[in-house]
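Data block for protein-v8.txt (compact mmCIF, C-alpha atoms):
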# COMPACT_ATOMS: atom_id res chain seq x y z
CA MET A 28 99.43 109.01 123.37
CA SER A 29 103.03 110.02 122.82
CA GLU A 30 104.09 106.72 124.37
CA GLU A 31 101.98 104.90 121.80
CA LYS A 32 103.41 107.01 119.00
CA LYS A 33 106.94 106.17 120.09
CA CYS A 34 106.02 102.50 120.09
CA MET A 35 104.64 102.79 116.55
CA SER A 36 107.72 104.56 115.26
CA ARG A 37 109.83 101.80 116.77
CA GLU A 38 107.91 99.20 114.76
CA PHE A 39 108.96 101.13 111.70
CA THR A 40 112.59 101.87 112.49
CA LYS A 41 113.60 98.50 113.93
CA GLY A 42 113.52 96.98 110.44
CA LEU A 43 116.01 99.54 109.17
CA LEU A 44 118.86 98.98 111.60
CA THR A 45 118.61 96.91 114.75
CA GLU A 46 116.51 94.17 113.16
CA ASN A 47 117.53 94.62 109.55
CA PRO A 48 116.10 91.53 107.87
CA VAL A 49 119.15 90.83 105.71
CA PHE A 50 122.18 91.82 107.77
CA ARG A 51 120.83 91.12 111.26
CA LEU A 52 118.20 88.38 110.90
CA VAL A 53 119.85 86.76 107.82
CA LEU A 54 116.53 86.31 105.99
CA GLY A 55 115.88 86.57 102.27
CA THR A 56 119.41 85.64 101.30
CA CYS A 57 118.43 84.15 97.93
CA PRO A 58 117.11 87.36 96.32
CA THR A 59 119.78 89.45 98.08
CA LEU A 60 122.54 87.48 96.40
CA ALA A 61 120.83 86.99 93.07
CA VAL A 62 119.51 90.46 92.30
CA SER A 63 122.28 92.65 93.71
CA THR A 64 124.34 92.60 90.51
CA SER A 65 123.06 96.04 89.50
CA VAL A 66 121.60 98.87 91.54
CA SER A 67 118.55 99.41 89.35
CA SER A 68 117.39 95.79 89.54
CA ALA A 69 118.07 95.87 93.29
CA ILE A 70 115.80 98.93 93.60
CA GLY A 71 113.12 97.19 91.57
CA MET A 72 113.32 94.04 93.69
CA GLY A 73 113.40 96.00 96.95
CA LEU A 74 110.34 98.05 96.03
CA ALA A 75 108.40 95.02 94.80
CA ALA A 76 109.16 93.11 98.01
CA THR A 77 108.26 96.14 100.15
CA ILE A 78 104.88 96.50 98.48
CA VAL A 79 104.12 92.79 98.81
CA LEU A 80 105.31 92.73 102.43
CA THR A 81 103.26 95.76 103.49
CA CYS A 82 100.08 94.65 101.72
CA SER A 83 100.29 91.04 102.91
CA ASN A 84 101.04 92.17 106.48
CA ILE A 85 97.93 94.38 106.43
CA VAL A 86 95.67 91.63 105.07
CA ILE A 87 97.05 88.89 107.31
CA SER A 88 96.80 91.09 110.37
CA ALA A 89 93.22 92.04 109.48
CA LEU A 90 92.29 88.38 109.06
CA ARG A 91 94.31 87.10 112.03
CA LYS A 92 91.24 86.18 114.07
CA LEU A 93 89.51 84.46 111.14
CA ILE A 94 92.32 82.22 109.93
CA PRO A 95 92.29 78.89 111.81
CA ASP A 96 95.61 78.14 113.41
CA ARG A 97 96.12 74.78 111.71
CA VAL A 98 95.92 76.07 108.14
CA ARG A 99 97.60 79.40 108.74
CA ILE A 100 100.76 78.75 106.69
CA PRO A 101 98.86 77.81 103.48
CA ALA A 102 96.53 80.75 104.04
CA TYR A 103 99.48 83.14 104.35
CA ILE A 104 101.02 81.64 101.22
CA VAL A 105 97.83 82.26 99.22
CA ILE A 106 97.62 85.88 100.39
CA ILE A 107 101.29 86.53 99.63
CA ALA A 108 101.09 84.77 96.24
CA SER A 109 98.12 86.93 95.23
CA PHE A 110 100.03 90.13 95.88
CA VAL A 111 103.10 88.76 94.12
CA THR A 112 100.96 87.97 91.06
CA ILE A 113 99.60 91.53 91.05
CA ILE A 114 103.13 92.97 91.20
CA GLN A 115 104.33 90.51 88.56
CA LEU A 116 101.61 91.60 86.12
CA LEU A 117 102.28 95.30 86.78
CA VAL A 118 106.03 94.89 86.24
CA LYS A 119 105.47 92.85 83.06
CA ALA A 120 103.17 95.55 81.71
CA PHE A 121 105.05 98.71 82.61
CA LEU A 122 108.71 97.75 83.18
CA PRO A 123 109.48 94.91 80.75
CA SER A 124 113.26 95.19 81.05
CA LEU A 125 113.06 95.01 84.87
CA ASP A 126 111.00 91.86 84.37
CA THR A 127 113.83 90.39 82.28
CA ALA A 128 116.45 91.50 84.81
CA LEU A 129 114.63 89.94 87.79
CA GLY A 130 113.50 86.87 85.83
CA VAL A 131 112.41 83.98 88.00
CA TYR A 132 113.29 85.87 91.19
CA LEU A 133 110.21 88.09 90.87
CA PRO A 134 107.67 85.25 91.32
CA LEU A 135 110.03 83.77 93.91
CA ILE A 136 109.12 86.65 96.26
CA VAL A 137 106.36 84.21 97.32
CA VAL A 138 108.86 82.03 99.14
CA ASN A 139 110.98 84.92 100.43
CA CYS A 140 111.56 84.07 104.08
CA ILE A 141 111.24 87.74 105.13
CA ILE A 142 107.61 87.95 104.05
CA LEU A 143 106.41 84.63 105.46
CA GLY A 144 108.58 85.23 108.52
CA ARG A 145 106.99 88.61 109.27
CA ALA A 146 103.52 87.17 108.68
CA GLU A 147 104.18 84.39 111.16
CA ALA A 148 106.16 86.36 113.73
CA PHE A 149 104.43 89.73 113.67
CA ALA A 150 101.31 90.25 111.55
CA SER A 151 99.54 87.20 112.96
CA LYS A 152 99.76 88.62 116.48
CA ASN A 153 99.53 92.40 116.10
CA PRO A 154 96.94 95.02 115.03
CA VAL A 155 96.72 96.30 111.46
CA ALA A 156 98.50 99.65 111.85
CA ALA A 157 101.49 98.18 113.67
CA SER A 158 101.74 95.37 111.12
CA ALA A 159 101.65 97.82 108.22
CA LEU A 160 104.48 99.85 109.76
CA ASP A 161 106.43 96.69 110.53
CA GLY A 162 106.06 95.54 106.92
CA LEU A 163 107.05 98.93 105.55
CA GLY A 164 110.09 99.16 107.85
CA MET A 165 111.25 95.63 107.10
CA GLY A 166 110.72 96.20 103.37
CA ILE A 167 112.76 99.40 103.41
CA GLY A 168 115.42 97.61 105.47
CA PHE A 169 115.56 94.92 102.77
CA LEU A 170 115.79 97.62 100.09
CA ALA A 171 118.60 99.36 101.99
CA ALA A 172 120.54 96.10 102.33
CA LEU A 173 120.08 95.39 98.62
CA LEU A 174 121.33 98.90 97.83
CA CYS A 175 124.50 98.42 99.93
CA MET A 176 125.26 95.10 98.27
CA SER A 177 124.47 96.18 94.73
CA THR A 178 126.39 99.46 94.95
CA VAL A 179 129.61 97.61 95.80
CA ARG A 180 129.00 94.85 93.26
CA GLU A 181 128.02 97.11 90.37
CA ILE A 182 130.84 99.63 90.85
CA LEU A 183 133.55 96.97 91.22
CA GLY A 184 132.06 94.42 88.85
CA SER A 185 130.92 96.50 85.90
CA GLY A 186 132.35 99.96 86.59
CA THR A 187 128.96 101.65 86.39
CA PHE A 188 126.51 103.06 88.91
CA LEU A 189 122.72 103.14 88.47
CA SER A 190 123.00 101.87 84.93
CA GLY A 191 119.59 100.96 83.53
CA ILE A 192 117.83 103.32 85.95
CA LYS A 193 116.27 105.11 82.96
CA GLU A 194 113.46 102.62 82.68
CA LEU A 195 112.58 102.75 86.38
CA LEU A 196 112.49 106.56 86.22
CA SER A 197 110.47 106.54 83.01
CA VAL A 198 107.41 105.75 85.14
CA PHE A 199 107.53 109.39 86.26
CA GLY A 200 108.05 110.80 82.76
CA GLU A 201 110.72 111.12 80.10
CA VAL A 202 114.22 111.10 81.60
CA ASN A 203 117.60 111.21 79.92
CA PHE A 204 119.68 110.21 82.94
CA ASP A 205 120.96 106.67 82.67
CA GLY A 206 123.53 106.30 85.44
CA PHE A 207 127.21 107.03 85.71
CA THR A 208 130.21 105.20 84.34
CA ILE A 209 133.13 105.02 86.73
CA PRO A 210 136.30 105.97 84.87
CA TRP A 211 139.19 103.47 84.91
CA ILE A 212 137.18 100.68 86.63
CA ASN A 213 134.85 100.66 83.64
CA ALA A 214 137.76 99.78 81.38
CA HIS A 215 139.01 97.04 83.74
CA PRO A 216 135.99 95.73 85.66
CA MET A 217 136.47 92.94 88.21
CA ILE A 218 133.87 90.68 86.66
CA ILE A 219 134.02 88.20 89.55
CA PHE A 220 131.97 90.67 91.63
CA VAL A 221 128.92 90.41 89.37
CA LEU A 222 129.31 86.63 89.16
CA ALA A 223 128.03 84.27 91.85
CA PRO A 224 131.20 84.13 94.02
CA GLY A 225 131.28 87.94 94.31
CA GLY A 226 127.76 87.86 95.74
CA PHE A 227 128.74 85.46 98.53
CA PHE A 228 131.96 87.35 99.20
CA VAL A 229 130.41 90.84 99.41
CA PHE A 230 127.60 89.46 101.57
CA GLY A 231 130.13 87.89 103.95
CA ILE A 232 132.05 91.16 104.28
CA MET A 233 128.81 93.12 104.82
CA ILE A 234 127.72 90.75 107.61
CA ALA A 235 131.16 91.10 109.22
CA LEU A 236 130.80 94.92 109.12
CA ALA A 237 127.25 94.76 110.50
CA ASN A 238 128.52 92.49 113.30
CA LYS A 239 131.24 95.01 114.10
CA VAL A 240 128.69 97.83 114.38
CA ALA A 241 126.37 95.64 116.44
CA GLU A 242 129.19 94.66 118.78
CA ARG A 243 130.01 98.31 119.40
CA ASN A 244 126.36 98.88 120.40
CA GLY A 245 126.38 95.84 122.65
CA LYS A 246 124.13 93.74 120.42
CA PRO A 247 124.72 90.05 119.62
CA LYS A 248 126.26 88.93 116.32
CA ALA A 249 124.13 87.99 113.34
CA GLU A 250 124.04 84.23 113.28
CA LEU A 251 122.21 81.53 111.39
CA LYS A 252 120.97 79.70 114.44
CA GLY A 253 119.91 76.66 112.44
CA CYS A 254 116.17 77.01 112.66
CA ALA A 255 115.62 80.06 114.82
CA ASN A 256 115.42 82.34 111.79
CA CYS A 257 113.25 80.07 109.73
CA PRO A 258 109.54 80.86 109.42
CA MET A 259 108.75 77.17 109.05
CA ALA A 260 110.35 76.34 112.40
CA ALA A 261 106.97 75.75 114.04
CA THR A 262 106.03 73.04 111.57
CA CYS A 263 109.45 71.47 111.31
CA ARG A 264 111.09 68.71 113.29
CA ILE A 265 114.76 69.04 112.35
CA ARG A 266 115.20 71.20 115.41
CA ASP A 267 113.84 68.55 117.80
CA ASP A 268 115.84 65.95 115.93
CA GLN A 269 119.07 67.88 116.33
CA SER A 270 118.53 68.63 119.99
CA LYS A 271 117.78 64.93 120.53
CA GLU A 272 121.04 63.98 118.82
CA VAL A 273 122.93 66.42 120.99
CA SER A 274 121.42 65.09 124.18
CA LEU A 275 122.22 61.52 123.14
CA SER A 276 125.86 62.20 122.43
CA MET B 27 117.80 63.58 71.94
CA THR B 28 119.84 61.78 74.61
CA LYS B 29 122.68 64.18 73.90
CA GLU B 30 120.40 67.12 74.52
CA LEU B 31 119.09 65.60 77.76
CA LEU B 32 122.63 64.92 78.93
CA ALA B 33 123.53 68.54 78.22
CA VAL B 34 120.53 69.75 80.27
CA LEU B 35 121.45 67.39 83.11
CA LEU B 36 125.11 68.43 83.26
CA THR B 37 124.21 72.11 82.96
CA ALA B 38 121.85 71.82 85.92
CA ILE B 39 124.41 69.96 88.03
CA LEU B 40 127.63 71.78 87.17
CA THR B 41 127.56 75.04 85.20
CA GLN B 42 124.23 76.41 86.41
CA ASN B 43 124.33 74.83 89.85
CA PHE B 44 121.15 75.74 91.70
CA VAL B 45 122.84 76.84 94.89
CA LEU B 46 126.19 78.18 93.79
CA ALA B 47 125.24 79.85 90.50
CA LYS B 48 121.52 80.58 90.76
CA PHE B 49 121.30 81.24 94.53
CA LEU B 50 118.22 79.05 94.94
CA GLY B 51 117.95 77.26 98.27
CA ILE B 52 120.59 79.28 100.12
CA CYS B 53 118.78 79.00 103.47
CA PRO B 54 119.13 75.20 103.78
CA PHE B 55 122.58 75.44 102.15
CA LEU B 56 123.81 77.65 104.99
CA GLY B 57 121.47 76.32 107.68
CA VAL B 58 121.69 72.54 107.54
CA SER B 59 125.10 71.93 105.96
CA LYS B 60 126.89 71.68 109.28
CA LYS B 61 126.57 67.90 109.50
CA LEU B 62 127.11 65.56 106.59
CA ASN B 63 124.21 63.19 107.31
CA THR B 64 121.70 66.03 107.71
CA ALA B 65 123.00 67.60 104.49
CA VAL B 66 122.56 64.34 102.56
CA GLY B 67 119.10 63.69 104.01
CA MET B 68 117.89 67.17 103.17
CA SER B 69 119.30 66.97 99.62
CA LEU B 70 117.69 63.59 98.93
CA ALA B 71 114.35 64.98 100.08
CA VAL B 72 114.87 67.99 97.80
CA ILE B 73 115.63 65.79 94.76
CA PHE B 74 112.55 63.68 95.48
CA VAL B 75 110.19 66.65 95.87
CA MET B 76 111.66 68.57 92.91
CA VAL B 77 111.11 65.68 90.47
CA LEU B 78 107.67 64.92 91.88
CA ALA B 79 106.63 68.59 91.81
CA THR B 80 107.69 68.86 88.18
CA ALA B 81 105.83 65.67 87.26
CA VAL B 82 102.65 67.04 88.84
CA THR B 83 102.81 70.71 87.83
CA TYR B 84 103.71 70.08 84.18
CA PRO B 85 100.35 68.49 83.25
CA ILE B 86 98.47 71.01 85.40
CA ASN B 87 100.17 73.85 83.57
CA GLN B 88 99.73 72.39 80.09
CA LEU B 89 96.23 70.93 80.43
CA ILE B 90 94.54 73.48 82.65
CA LEU B 91 96.40 76.79 82.75
CA VAL B 92 97.72 77.12 79.19
CA LYS B 93 94.53 75.75 77.63
CA ASN B 94 92.35 78.29 79.42
CA ASP B 95 94.74 81.26 79.08
CA LEU B 96 95.32 81.31 82.81
CA GLU B 97 99.13 81.44 82.73
CA TYR B 98 99.13 84.44 85.04
CA LEU B 99 97.92 82.16 87.85
CA GLN B 100 101.07 80.03 87.60
CA THR B 101 102.73 81.42 90.74
CA ILE B 102 99.69 80.84 92.98
CA VAL B 103 98.81 77.46 91.52
CA PHE B 104 102.37 76.12 91.61
CA ILE B 105 103.07 77.09 95.21
CA LEU B 106 99.75 75.62 96.37
CA VAL B 107 100.28 72.41 94.42
CA ILE B 108 103.77 72.08 95.89
CA ALA B 109 102.51 72.74 99.43
CA ALA B 110 99.70 70.20 99.06
CA LEU B 111 102.00 67.70 97.41
CA VAL B 112 104.55 67.89 100.21
CA GLN B 113 101.79 67.27 102.77
CA LEU B 114 100.48 64.29 100.78
CA VAL B 115 103.94 62.79 100.37
CA GLU B 116 104.51 63.16 104.09
CA ILE B 117 101.25 61.39 104.96
CA PHE B 118 101.86 58.67 102.37
CA LEU B 119 105.42 57.97 103.55
CA LYS B 120 104.35 57.97 107.19
CA ARG B 121 101.64 55.39 106.50
CA TYR B 122 103.28 53.09 103.96
CA VAL B 123 107.05 53.57 103.73
CA LYS B 124 108.12 54.01 107.32
CA PRO B 125 111.91 53.67 106.84
CA LEU B 126 111.96 56.33 104.13
CA TYR B 127 109.79 58.56 106.32
CA ASN B 128 112.19 58.21 109.21
CA SER B 129 115.14 59.31 107.10
CA LEU B 130 113.54 62.00 104.87
CA GLY B 131 110.27 62.88 106.60
CA ILE B 132 111.63 65.51 108.93
CA TYR B 133 112.90 67.61 106.04
CA LEU B 134 109.67 67.65 104.08
CA PRO B 135 107.82 70.58 105.73
CA LEU B 136 110.87 72.77 105.26
CA ILE B 137 110.86 72.12 101.55
CA THR B 138 107.50 73.80 100.92
CA THR B 139 109.09 77.21 101.17
CA ASN B 140 112.40 76.20 99.63
CA CYS B 141 112.89 78.51 96.66
CA ALA B 142 114.71 75.76 94.74
CA VAL B 143 111.51 73.74 94.30
CA LEU B 144 109.28 76.59 93.12
CA GLY B 145 112.28 77.94 91.20
CA VAL B 146 112.84 74.78 89.16
CA VAL B 147 109.16 74.52 88.27
CA LEU B 148 109.06 78.14 87.10
CA LEU B 149 112.35 77.81 85.21
CA ASN B 150 111.07 74.75 83.35
CA VAL B 151 108.07 76.78 82.19
CA ASP B 152 110.22 79.81 81.30
CA ASN B 153 112.61 77.70 79.27
CA GLY B 154 109.75 75.96 77.45
CA TYR B 155 111.05 72.48 78.27
CA ASN B 156 108.93 69.46 77.35
CA PHE B 157 107.91 66.88 79.95
CA VAL B 158 111.02 64.68 79.79
CA THR B 159 113.45 67.61 79.64
CA SER B 160 111.67 69.21 82.61
CA LEU B 161 112.05 66.05 84.65
CA VAL B 162 115.73 65.76 83.72
CA ASN B 163 116.33 69.42 84.57
CA SER B 164 114.62 69.01 87.96
CA PHE B 165 116.59 65.88 88.73
CA GLY B 166 119.83 67.60 87.70
CA GLY B 167 118.98 70.63 89.81
CA GLY B 168 118.40 68.38 92.82
CA VAL B 169 121.63 66.49 92.25
CA GLY B 170 123.44 69.82 91.92
CA PHE B 171 121.97 70.79 95.28
CA LEU B 172 123.25 67.50 96.76
CA VAL B 173 126.73 68.02 95.31
CA ALA B 174 126.94 71.57 96.64
CA MET B 175 125.63 70.55 100.08
CA VAL B 176 128.03 67.62 100.45
CA MET B 177 131.03 69.65 99.28
CA PHE B 178 130.14 72.50 101.56
CA ALA B 179 129.58 70.22 104.56
CA GLY B 180 133.18 69.07 104.08
CA VAL B 181 134.41 72.66 103.82
CA ARG B 182 132.57 73.59 107.01
CA GLU B 183 134.05 70.69 108.92
CA ARG B 184 137.49 72.09 108.05
CA LEU B 185 136.39 75.57 109.10
CA GLU B 186 135.54 74.28 112.59
CA SER B 187 139.19 73.68 113.35
CA ALA B 188 140.63 76.62 111.37
CA ASP B 189 142.10 79.72 112.94
CA ILE B 190 139.73 82.46 111.80
CA PRO B 191 140.20 86.23 112.38
CA LYS B 192 137.82 87.35 115.11
CA ALA B 193 135.85 89.74 112.91
CA LEU B 194 135.03 87.01 110.41
CA GLN B 195 134.08 84.25 112.83
CA GLY B 196 130.69 82.63 112.35
CA LEU B 197 128.55 83.57 109.40
CA PRO B 198 131.00 85.84 107.47
CA ILE B 199 133.64 83.14 107.04
CA THR B 200 130.93 80.65 106.06
CA LEU B 201 129.84 82.98 103.26
CA ILE B 202 133.42 83.57 102.12
CA ALA B 203 133.94 79.79 102.06
CA ALA B 204 130.75 79.55 99.97
CA ALA B 205 132.25 82.14 97.60
CA LEU B 206 135.37 80.01 97.16
CA THR B 207 133.29 76.86 96.61
CA SER B 208 131.35 78.81 94.01
CA VAL B 209 134.61 79.87 92.30
CA SER B 210 135.46 76.20 91.87
CA PHE B 211 132.16 75.69 90.03
CA LEU B 212 132.99 78.59 87.70
CA GLY B 213 135.68 76.29 86.36
CA PHE B 214 132.96 74.22 84.69
CA SER B 215 131.63 77.12 82.58
CA GLY B 216 132.15 76.47 78.90
CA LEU B 217 132.47 72.75 79.58
CA ILE B 218 129.00 71.89 78.29
CA ASP B 219 129.27 73.99 75.13
CA ASN B 220 132.56 72.38 74.26
CA ILE B 221 131.46 68.80 74.89
CA PHE B 222 128.15 69.04 73.08
CA ARG B 223 129.12 71.33 70.26
Just give me the structure of the file as structure tokens.
Amino acid sequence: MSEEKKCMSREFTKGLLTENPVFRLVLGTCPTLAVSTSVSSAIGMGLAATIVLTCSNIVISALRKLIPDRVRIPAYIVIIASFVTIIQLLVKAFLPSLDTALGVYLPLIVVNCIILGRAEAFASKNPVAASALDGLGMGIGFLAALLCMSTVREILGSGTFLSGIKELLSVFGEVNFDGFTIPWINAHPMIIFVLAPGGFFVFGIMIALANKVAERNGKPKAELKGCANCPMAATCRIRDDQSKEVSLS
Amino acid sequence: MTKELLAVLLTAILTQNFVLAKFLGICPFLGVSKKLNTAVGMSLAVIFVMVLATAVTYPINQLILVKNDLEYLQTIVFILVIAALVQLVEIFLKRYVKPLYNSLGIYLPLITTNCAVLGVVLLNVDNGYNFVTSLVNSFGGGVGFLVAMVMFAGVRERLESADIPKALQGLPITLIAAALTSVSFLGFSGLIDNIFR
């Protein structure tokens, strides 16, 4: 029993550190770069993705014996898109300014590689409870990565921290707290950090740091191994094509 | 009218570049930009699918979803239409246009989950573009993707032979190079407003 429990807790914790979806598996880069300009929108995005990931993992894992293998990818996409639509409507109704901040990236959770990747790699092969924990862990890992990125970018780029958090907190009741302003930086913010180049740059530095930590623990570097990270790898032929080219040359 | 379309086109290619300013389609940007011919093939397939997806989803949205107050189904409907469309295009090319299939076909399945394609369709709806403007915006977005991919493939070829600090080797230096490429595109901001004032 305790062995099983340990196994379950590993499903949960692996997403946080050793298999962090963003810094270790390099998945979901688009939302990570786009939404990490402020901490409050990063929290909103992270929570939305976590909810979608956990729910879709549960449903896909419960239906794993019913979904025919050949149409599994479209079936997963429908399940994920349904949950994204639910979240989208809830955010539009209760957090309108978060909806504006996330914009098109909120519906784009549908094509977030983390969610489809976990469906394909984990939920389609494992029981419901393990899949739920896997989804929750991966989602929180994504949220944590977004928090790291957005903290650096918001403090350096706009000289504030948690600005705009008031609306997120207003779900729990009336709050007056609306973040901190960082003295001095606020008067001279390095705007490049909230612009597109800052996103790439901070992400690069974060990956380098994560690699350093991984190296110390004897783990391999994070690498985009062409197709190995991609959830569509099974249906795709670029990989065969490239290996063919290599063997020819 | 033409002036407006030209402004939309140039905005999509230069100032609001899909990859370097909007972060759509980062996975293929980092994943398949190592070789120039793969980068070009992938980008051409993206342009093709983006324009086609817009041409198909626009009437579906206007004639079915908006008319019946079903706009909240946009996300589900669009992603399914794109997935089905990509499959159909693949079958069609395989059967009738073999040379095109051989050069673009292998990239098609990847494009289903490319956020740039769903992104451009959703952005067209958000911006309230009409049919022609939507098509121009999609085409511009695709060309912007091509420009970014080709530029970045060149940058990466240089990186291969560069002397990189050990801690930054691999992915980190690729991202920092992407940051610098993106800085160069910042130079275009303000260009459109000033030309088409």
Taking 3 positions as the minimum chain separation for residues in the same chain, which residues sit within 7 Å of segment 192-196 of chain A when counting all atoms listed in the file? Answer as a VMD selection string. chain A and resid 67 122 189 199 202 to 206
What's the separation between atom CA of Lys32 of chain A and atom CA of Ala89 of chain A, in Å to one decimal place? 20.5 Å
Atomic separation - atom CA of Gly168 of chain A relative to atom CA of Gly226 of chain A, Å: 18.5 Å
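Of the residues under consideration (A:Trp211, A:Phe188, A:Phe110, A:Phe121), A:Phe188 shows the shortest atom-to-atom contact distance to Leu174 of chain A when counting all atoms listed in the file.
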With a distance cut-off of 6 Å and all atoms listed in the file, select the neighbouring residues of Ser63 of chain A, excluding the residue or stretch itself and same-chain residues fewer than 5 positions from it, and output the selection as a compact mmCIF listing (two decimals) with C-alpha atoms, in the coordinates of the input.
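What follows is the written file around.txt:
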# COMPACT_ATOMS: atom_id res chain seq x y z
CA ALA A 69 118.07 95.87 93.29
CA MET A 176 125.26 95.10 98.27
CA SER A 177 124.47 96.18 94.73
So that I can check the surroundings of segment 140-146 of chain B, please list as a PDB file with C-alpha atoms, in the frame of the given file every protein, DNA and RNA residue that reaches within 7 Å of it, counting all atoms listed in the file and ignoring chain neighbours fewer than 5 positions away.
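Saved as result.pdb:
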ATOM      1  CA  VAL A 131     112.410  83.980  88.000  1.00  0.00           C
ATOM      2  CA  LEU A 135     110.030  83.770  93.910  1.00  0.00           C
ATOM      3  CA  VAL A 138     108.860  82.030  99.140  1.00  0.00           C
TER       4      VAL A 138
ATOM      5  CA  LEU B  50     118.220  79.050  94.940  1.00  0.00           C
ATOM      6  CA  GLY B  51     117.950  77.260  98.270  1.00  0.00           C
ATOM      7  CA  MET B  76     111.660  68.570  92.910  1.00  0.00           C
ATOM      8  CA  ILE B 105     103.070  77.090  95.210  1.00  0.00           C
ATOM      9  CA  SER B 164     114.620  69.010  87.960  1.00  0.00           C
TER      10      SER B 164
END
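Between atom CA of Ser69 of chain B and atom CA of Met175 of chain B there is a distance of 7.3 Å.
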Select, from A:Ser185, A:Glu38, A:Leu54, A:Ile167, the residue with the minimum atom-to-atom distance to Leu56 of chain B, counting all atoms listed in the file. A:Leu54
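Nearest to chain B of all the residues A:Lys246, A:Lys239, A:Lys152, A:Arg37 is A:Lys239, based on only C-alpha atoms.
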Within 10 Å of segment 178-194 of chain B, counting all atoms listed in the file, which residues qualify if same-chain residues fewer than 5 places away don't, as a PyMOL selection string? (chain A and resi 231-232+234-236+238-239) or (chain B and resi 55-56+58-66+172-173+199-204+206-208)
Nearest to chain A: which of B:Thr37, B:Asn220, B:Asn156, B:Thr101 is it, counting only C-alpha atoms? B:Thr101
Could you list as a PDB file with C-alpha atoms, keeping the file's coordinate frame every residue that has an atom within 10 Å of (115.9, 95.9, 109.6), using the file's coordinates and counting only C-alpha atoms?
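File written: part_38.pdb
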ATOM      1  CA  PHE A  39     108.960 101.130 111.700  1.00  0.00           C
ATOM      2  CA  THR A  40     112.590 101.870 112.490  1.00  0.00           C
ATOM      3  CA  LYS A  41     113.600  98.500 113.930  1.00  0.00           C
ATOM      4  CA  GLY A  42     113.520  96.980 110.440  1.00  0.00           C
ATOM      5  CA  LEU A  43     116.010  99.540 109.170  1.00  0.00           C
ATOM      6  CA  LEU A  44     118.860  98.980 111.600  1.00  0.00           C
ATOM      7  CA  THR A  45     118.610  96.910 114.750  1.00  0.00           C
ATOM      8  CA  GLU A  46     116.510  94.170 113.160  1.00  0.00           C
ATOM      9  CA  ASN A  47     117.530  94.620 109.550  1.00  0.00           C
ATOM     10  CA  PRO A  48     116.100  91.530 107.870  1.00  0.00           C
ATOM     11  CA  VAL A  49     119.150  90.830 105.710  1.00  0.00           C
ATOM     12  CA  PHE A  50     122.180  91.820 107.770  1.00  0.00           C
ATOM     13  CA  ARG A  51     120.830  91.120 111.260  1.00  0.00           C
ATOM     14  CA  LEU A  52     118.200  88.380 110.900  1.00  0.00           C
ATOM     15  CA  ASP A 161     106.430  96.690 110.530  1.00  0.00           C
ATOM     16  CA  GLY A 164     110.090  99.160 107.850  1.00  0.00           C
ATOM     17  CA  MET A 165     111.250  95.630 107.100  1.00  0.00           C
ATOM     18  CA  GLY A 166     110.720  96.200 103.370  1.00  0.00           C
ATOM     19  CA  ILE A 167     112.760  99.400 103.410  1.00  0.00           C
ATOM     20  CA  GLY A 168     115.420  97.610 105.470  1.00  0.00           C
ATOM     21  CA  PHE A 169     115.560  94.920 102.770  1.00  0.00           C
ATOM     22  CA  LEU A 170     115.790  97.620 100.090  1.00  0.00           C
ATOM     23  CA  ALA A 171     118.600  99.360 101.990  1.00  0.00           C
ATOM     24  CA  ALA A 172     120.540  96.100 102.330  1.00  0.00           C
TER      25      ALA A 172
END
